[in-house]
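Participant: Just so it is clear, I am handing over upload-v7.pdb, which has PDB, N, CA and C atoms.
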```
ATOM      1  N   MET L   1      12.900 -16.844 -35.029
ATOM      2  CA  MET L   1      12.153 -16.494 -33.849
ATOM      3  C   MET L   1      13.014 -16.812 -32.626
ATOM      4  N   MET L   2      13.010 -15.897 -31.676
ATOM      5  CA  MET L   2      13.758 -16.089 -30.444
ATOM      6  C   MET L   2      12.784 -16.350 -29.295
ATOM      7  N   VAL L   3      13.131 -17.280 -28.420
ATOM      8  CA  VAL L   3      12.282 -17.604 -27.289
ATOM      9  C   VAL L   3      13.077 -17.444 -26.003
ATOM     10  N   VAL L   4      12.470 -16.788 -25.038
ATOM     11  CA  VAL L   4      13.094 -16.626 -23.726
ATOM     12  C   VAL L   4      12.097 -17.091 -22.682
ATOM     13  N   VAL L   5      12.574 -17.883 -21.740
ATOM     14  CA  VAL L   5      11.706 -18.375 -20.673
ATOM     15  C   VAL L   5      12.294 -17.958 -19.339
ATOM     16  N   ASP L   6      11.474 -17.361 -18.516
ATOM     17  CA  ASP L   6      11.864 -17.017 -17.154
ATOM     18  C   ASP L   6      10.849 -17.640 -16.209
ATOM     19  N   ASN L   7      11.327 -18.124 -15.094
ATOM     20  CA  ASN L   7      10.443 -18.659 -14.062
ATOM     21  C   ASN L   7      10.592 -17.827 -12.809
ATOM     22  N   TRP L   8       9.486 -17.432 -12.241
ATOM     23  CA  TRP L   8       9.496 -16.647 -11.011
ATOM     24  C   TRP L   8       8.636 -17.350  -9.989
ATOM     25  N   GLU L   9       8.981 -17.158  -8.749
ATOM     26  CA  GLU L   9       8.128 -17.607  -7.663
ATOM     27  C   GLU L   9       7.973 -16.438  -6.703
ATOM     28  N   ILE L  10       6.751 -16.042  -6.487
ATOM     29  CA  ILE L  10       6.458 -14.909  -5.616
ATOM     30  C   ILE L  10       5.535 -15.394  -4.510
ATOM     31  N   THR L  11       5.853 -15.041  -3.290
ATOM     32  CA  THR L  11       5.011 -15.387  -2.154
ATOM     33  C   THR L  11       4.468 -14.110  -1.533
ATOM     34  N   LEU L  12       3.168 -14.003  -1.468
ATOM     35  CA  LEU L  12       2.512 -12.877  -0.805
ATOM     36  C   LEU L  12       1.854 -13.409   0.460
ATOM     37  N   ALA L  13       2.150 -12.786   1.576
ATOM     38  CA  ALA L  13       1.571 -13.222   2.846
ATOM     39  C   ALA L  13       0.555 -12.196   3.313
ATOM     40  N   GLY L  14      -0.627 -12.673   3.614
ATOM     41  CA  GLY L  14      -1.676 -11.794   4.117
ATOM     42  C   GLY L  14      -1.739 -11.851   5.629
ATOM     43  N   LYS L  15      -2.640 -11.067   6.158
ATOM     44  CA  LYS L  15      -2.857 -11.050   7.600
ATOM     45  C   LYS L  15      -4.361 -11.113   7.818
ATOM     46  N   GLY L  16      -4.828 -12.258   8.275
ATOM     47  CA  GLY L  16      -6.252 -12.426   8.489
ATOM     48  C   GLY L  16      -6.667 -11.974   9.877
ATOM     49  N   GLU L  17      -7.895 -11.564   9.986
ATOM     50  CA  GLU L  17      -8.474 -11.158  11.269
ATOM     51  C   GLU L  17      -9.885 -11.699  11.340
ATOM     52  N   TYR L  18     -10.622 -11.255  12.284
ATOM     53  CA  TYR L  18     -12.004 -11.698  12.435
ATOM     54  C   TYR L  18     -12.873 -11.165  11.303
ATOM     55  N   GLU L  19     -13.942 -11.883  11.016
ATOM     56  CA  GLU L  19     -14.856 -11.485   9.947
ATOM     57  C   GLU L  19     -15.521 -10.145  10.229
ATOM     58  N   ASP L  20     -15.655  -9.802  11.502
ATOM     59  CA  ASP L  20     -16.346  -8.557  11.831
ATOM     60  C   ASP L  20     -15.439  -7.331  11.747
ATOM     61  N   ALA L  21     -14.176  -7.522  11.380
ATOM     62  CA  ALA L  21     -13.252  -6.390  11.249
ATOM     63  C   ALA L  21     -12.423  -6.527   9.974
ATOM     64  N   PRO L  22     -13.074  -6.537   8.787
ATOM     65  CA  PRO L  22     -12.317  -6.746   7.544
ATOM     66  C   PRO L  22     -11.389  -5.582   7.187
ATOM     67  N   GLY L  23     -11.596  -4.423   7.789
ATOM     68  CA  GLY L  23     -10.779  -3.260   7.460
ATOM     69  C   GLY L  23      -9.362  -3.329   7.977
ATOM     70  N   ILE L  24      -9.063  -4.277   8.861
ATOM     71  CA  ILE L  24      -7.702  -4.361   9.406
ATOM     72  C   ILE L  24      -6.959  -5.592   8.899
ATOM     73  N   THR L  25      -7.484  -6.221   7.863
ATOM     74  CA  THR L  25      -6.808  -7.381   7.285
ATOM     75  C   THR L  25      -5.943  -6.966   6.095
ATOM     76  N   VAL L  26      -5.031  -7.823   5.742
ATOM     77  CA  VAL L  26      -4.246  -7.672   4.515
ATOM     78  C   VAL L  26      -4.583  -8.892   3.662
ATOM     79  N   ASP L  27      -5.379  -8.687   2.633
ATOM     80  CA  ASP L  27      -5.902  -9.791   1.832
ATOM     81  C   ASP L  27      -4.947 -10.113   0.687
ATOM     82  N   SER L  28      -4.281 -11.251   0.790
ATOM     83  CA  SER L  28      -3.311 -11.631  -0.241
ATOM     84  C   SER L  28      -3.986 -11.986  -1.558
ATOM     85  N   VAL L  29      -5.240 -12.429  -1.533
ATOM     86  CA  VAL L  29      -5.950 -12.769  -2.768
ATOM     87  C   VAL L  29      -6.161 -11.511  -3.615
ATOM     88  N   VAL L  30      -6.518 -10.395  -2.976
ATOM     89  CA  VAL L  30      -6.686  -9.134  -3.692
ATOM     90  C   VAL L  30      -5.344  -8.658  -4.244
ATOM     91  N   ALA L  31      -4.277  -8.842  -3.491
ATOM     92  CA  ALA L  31      -2.939  -8.441  -3.952
ATOM     93  C   ALA L  31      -2.521  -9.251  -5.177
ATOM     94  N   VAL L  32      -2.790 -10.548  -5.178
ATOM     95  CA  VAL L  32      -2.449 -11.395  -6.334
ATOM     96  C   VAL L  32      -3.254 -10.965  -7.559
ATOM     97  N   ALA L  33      -4.539 -10.682  -7.376
ATOM     98  CA  ALA L  33      -5.370 -10.236  -8.498
ATOM     99  C   ALA L  33      -4.837  -8.933  -9.085
ATOM    100  N   SER L  34      -4.390  -8.026  -8.235
ATOM    101  CA  SER L  34      -3.812  -6.770  -8.715
ATOM    102  C   SER L  34      -2.534  -7.006  -9.498
ATOM    103  N   LEU L  35      -1.684  -7.907  -9.014
ATOM    104  CA  LEU L  35      -0.444  -8.227  -9.733
ATOM    105  C   LEU L  35      -0.729  -8.799 -11.120
ATOM    106  N   VAL L  36      -1.696  -9.698 -11.206
ATOM    107  CA  VAL L  36      -2.024 -10.289 -12.510
ATOM    108  C   VAL L  36      -2.505  -9.210 -13.470
ATOM    109  N   MET L  37      -3.313  -8.271 -12.989
ATOM    110  CA  MET L  37      -3.772  -7.178 -13.856
ATOM    111  C   MET L  37      -2.611  -6.316 -14.333
ATOM    112  N   VAL L  38      -1.661  -6.033 -13.459
ATOM    113  CA  VAL L  38      -0.491  -5.232 -13.848
ATOM    114  C   VAL L  38       0.350  -5.982 -14.867
ATOM    115  N   TRP L  39       0.548  -7.283 -14.653
ATOM    116  CA  TRP L  39       1.341  -8.067 -15.604
ATOM    117  C   TRP L  39       0.675  -8.097 -16.973
ATOM    118  N   GLN L  40      -0.637  -8.223 -17.015
ATOM    119  CA  GLN L  40      -1.337  -8.206 -18.302
ATOM    120  C   GLN L  40      -1.165  -6.862 -18.999
ATOM    121  N   ALA L  41      -1.165  -5.791 -18.229
ATOM    122  CA  ALA L  41      -0.993  -4.457 -18.809
ATOM    123  C   ALA L  41       0.416  -4.271 -19.367
ATOM    124  N   ILE L  42       1.404  -4.923 -18.792
ATOM    125  CA  ILE L  42       2.774  -4.821 -19.320
ATOM    126  C   ILE L  42       2.788  -5.247 -20.780
ATOM    127  N   VAL L  43       2.178  -6.376 -21.069
ATOM    128  CA  VAL L  43       2.166  -6.873 -22.446
ATOM    129  C   VAL L  43       1.230  -6.052 -23.320
ATOM    130  N   SER L  44       0.029  -5.779 -22.834
ATOM    131  CA  SER L  44      -0.954  -5.109 -23.690
ATOM    132  C   SER L  44      -0.622  -3.655 -23.969
ATOM    133  N   ARG L  45       0.089  -2.988 -23.085
ATOM    134  CA  ARG L  45       0.367  -1.559 -23.250
ATOM    135  C   ARG L  45       1.796  -1.234 -23.672
ATOM    136  N   ASN L  46       2.694  -2.200 -23.595
ATOM    137  CA  ASN L  46       4.102  -1.902 -23.866
ATOM    138  C   ASN L  46       4.703  -2.675 -25.034
ATOM    139  N   VAL L  47       3.905  -3.519 -25.670
ATOM    140  CA  VAL L  47       4.414  -4.310 -26.788
ATOM    141  C   VAL L  47       3.639  -3.901 -28.042
ATOM    142  N   SER L  48       4.344  -3.672 -29.109
ATOM    143  CA  SER L  48       3.732  -3.277 -30.370
ATOM    144  C   SER L  48       2.799  -4.367 -30.899
ATOM    145  N   LEU L  49       1.810  -3.961 -31.681
ATOM    146  CA  LEU L  49       0.913  -4.921 -32.309
ATOM    147  C   LEU L  49       1.646  -5.879 -33.233
ATOM    148  N   PHE L  50       2.767  -5.442 -33.749
ATOM    149  CA  PHE L  50       3.512  -6.237 -34.721
ATOM    150  C   PHE L  50       4.533  -7.159 -34.065
ATOM    151  N   ASP L  51       4.714  -7.043 -32.759
ATOM    152  CA  ASP L  51       5.611  -7.928 -32.012
ATOM    153  C   ASP L  51       4.784  -8.984 -31.303
ATOM    154  N   LYS L  52       5.457 -10.054 -30.933
ATOM    155  CA  LYS L  52       4.780 -11.126 -30.215
ATOM    156  C   LYS L  52       5.275 -11.155 -28.777
ATOM    157  N   ALA L  53       4.355 -11.302 -27.843
ATOM    158  CA  ALA L  53       4.715 -11.415 -26.435
ATOM    159  C   ALA L  53       3.627 -12.194 -25.710
ATOM    160  N   VAL L  54       4.058 -13.033 -24.791
ATOM    161  CA  VAL L  54       3.121 -13.812 -23.980
ATOM    162  C   VAL L  54       3.605 -13.784 -22.543
ATOM    163  N   MET L  55       2.690 -13.519 -21.643
ATOM    164  CA  MET L  55       2.994 -13.616 -20.224
ATOM    165  C   MET L  55       1.906 -14.478 -19.612
ATOM    166  N   THR L  56       2.296 -15.506 -18.892
ATOM    167  CA  THR L  56       1.335 -16.462 -18.352
ATOM    168  C   THR L  56       1.527 -16.614 -16.854
ATOM    169  N   VAL L  57       0.440 -16.586 -16.128
ATOM    170  CA  VAL L  57       0.450 -16.932 -14.710
ATOM    171  C   VAL L  57      -0.124 -18.339 -14.629
ATOM    172  N   ILE L  58       0.714 -19.278 -14.231
ATOM    173  CA  ILE L  58       0.323 -20.680 -14.267
ATOM    174  C   ILE L  58      -0.472 -21.091 -13.018
ATOM    175  N   VAL L  59       0.039 -20.761 -11.847
ATOM    176  CA  VAL L  59      -0.583 -21.219 -10.605
ATOM    177  C   VAL L  59      -0.720 -20.060  -9.641
ATOM    178  N   SER L  60      -1.870 -19.977  -9.051
ATOM    179  CA  SER L  60      -2.098 -19.018  -7.972
ATOM    180  C   SER L  60      -2.839 -19.770  -6.878
ATOM    181  N   LEU L  61      -2.185 -19.969  -5.748
ATOM    182  CA  LEU L  61      -2.773 -20.748  -4.661
ATOM    183  C   LEU L  61      -3.128 -19.846  -3.497
ATOM    184  N   SER L  62      -4.216 -20.142  -2.881
ATOM    185  CA  SER L  62      -4.630 -19.400  -1.699
ATOM    186  C   SER L  62      -5.086 -20.414  -0.650
ATOM    187  N   PRO L  63      -4.545 -20.312   0.559
ATOM    188  CA  PRO L  63      -4.988 -21.254   1.595
ATOM    189  C   PRO L  63      -6.420 -20.943   2.028
ATOM    190  N   VAL L  64      -7.128 -21.962   2.403
ATOM    191  CA  VAL L  64      -8.491 -21.772   2.883
ATOM    192  C   VAL L  64      -8.456 -21.794   4.406
ATOM    193  N   ARG L  65      -8.928 -20.692   4.969
ATOM    194  CA  ARG L  65      -9.022 -20.623   6.438
ATOM    195  C   ARG L  65     -10.424 -20.193   6.799
ATOM    196  N   TRP L  66     -11.028 -20.969   7.634
ATOM    197  CA  TRP L  66     -12.359 -20.617   8.102
ATOM    198  C   TRP L  66     -12.204 -19.686   9.296
ATOM    199  N   GLY L  67     -13.287 -19.136   9.749
ATOM    200  CA  GLY L  67     -13.296 -18.135  10.823
ATOM    201  C   GLY L  67     -12.285 -18.388  11.924
ATOM    202  N   LYS L  68     -11.429 -17.411  12.163
ATOM    203  CA  LYS L  68     -10.400 -17.521  13.190
ATOM    204  C   LYS L  68     -11.000 -17.019  14.503
ATOM    205  N   ARG L  69     -11.181 -17.879  15.438
ATOM    206  CA  ARG L  69     -11.758 -17.495  16.737
ATOM    207  C   ARG L  69     -10.913 -17.986  17.868
TER     208      ARG L  69
END
```
Kindly transcribe the structure held in the file into structure tokens.
Facilitator:
Amino acid sequence: MMVVVDNWEITLAGKGEYEDAPGITVDSVVAVASLVMVWQAIVSRNVSLFDKAVMTVIVSLSPVRWGKR
């Protein structure tokens, strides 16, 4: 059995705005959720049932910011 380990660090920066104008924000939490779904699809759709593959997202941090006024 062969094992390969890669470590990545990705930083996504959002742009917050007022609560009354959510259409002009860039939500980094939604972007991270989309990335995790794509990464899961890489393994589930591109690796044979007879092969072994694991992809793990260990940490996903999001800063907490209350209403910006």
Participant: Could you state the separation of atom N of Thr56 in chain L and CA of Val26 in chain L in Å, given to one decimal place?
Facilitator: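 For atom N of Thr56 in chain L relative to CA of Val26 in chain L, the distance reads 25.5 Å.
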Participant: Atom N of Val4 in chain L and atom N of Val47 in chain L, how far apart in Å?
Facilitator: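 That distance, rounded to one decimal, is 15.8 Å.
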Participant: Taking only C-alpha atoms into account, name the residue in L:Leu49, L:Val43, L:Leu12, L:Val59 that is nearest to Asp27 in chain L.
Facilitator: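 Under the stated criterion, the closest residue is L:Leu12.
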Participant: Could you state the separation of CA of Gly14 in chain L and atom N of Ala31 in chain L in Å, given to one decimal place?
Facilitator: 8.6 Å
Participant: Which residue is closest to Gln40 in chain L? Choose from L:Val5, L:Lys15, L:Ile10, L:Met55 and count all atoms listed in the file.
Facilitator: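 Looking at the shortest contact to Gln40 in chain L, the residue is L:Met55.
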Participant: For Val29 in chain L, which residue out of L:Thr11, L:Ala41, L:Asn46, L:Met2 is the nearest one, using only C-alpha atoms?
Facilitator: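 Under the stated criterion, the closest residue is L:Thr11.
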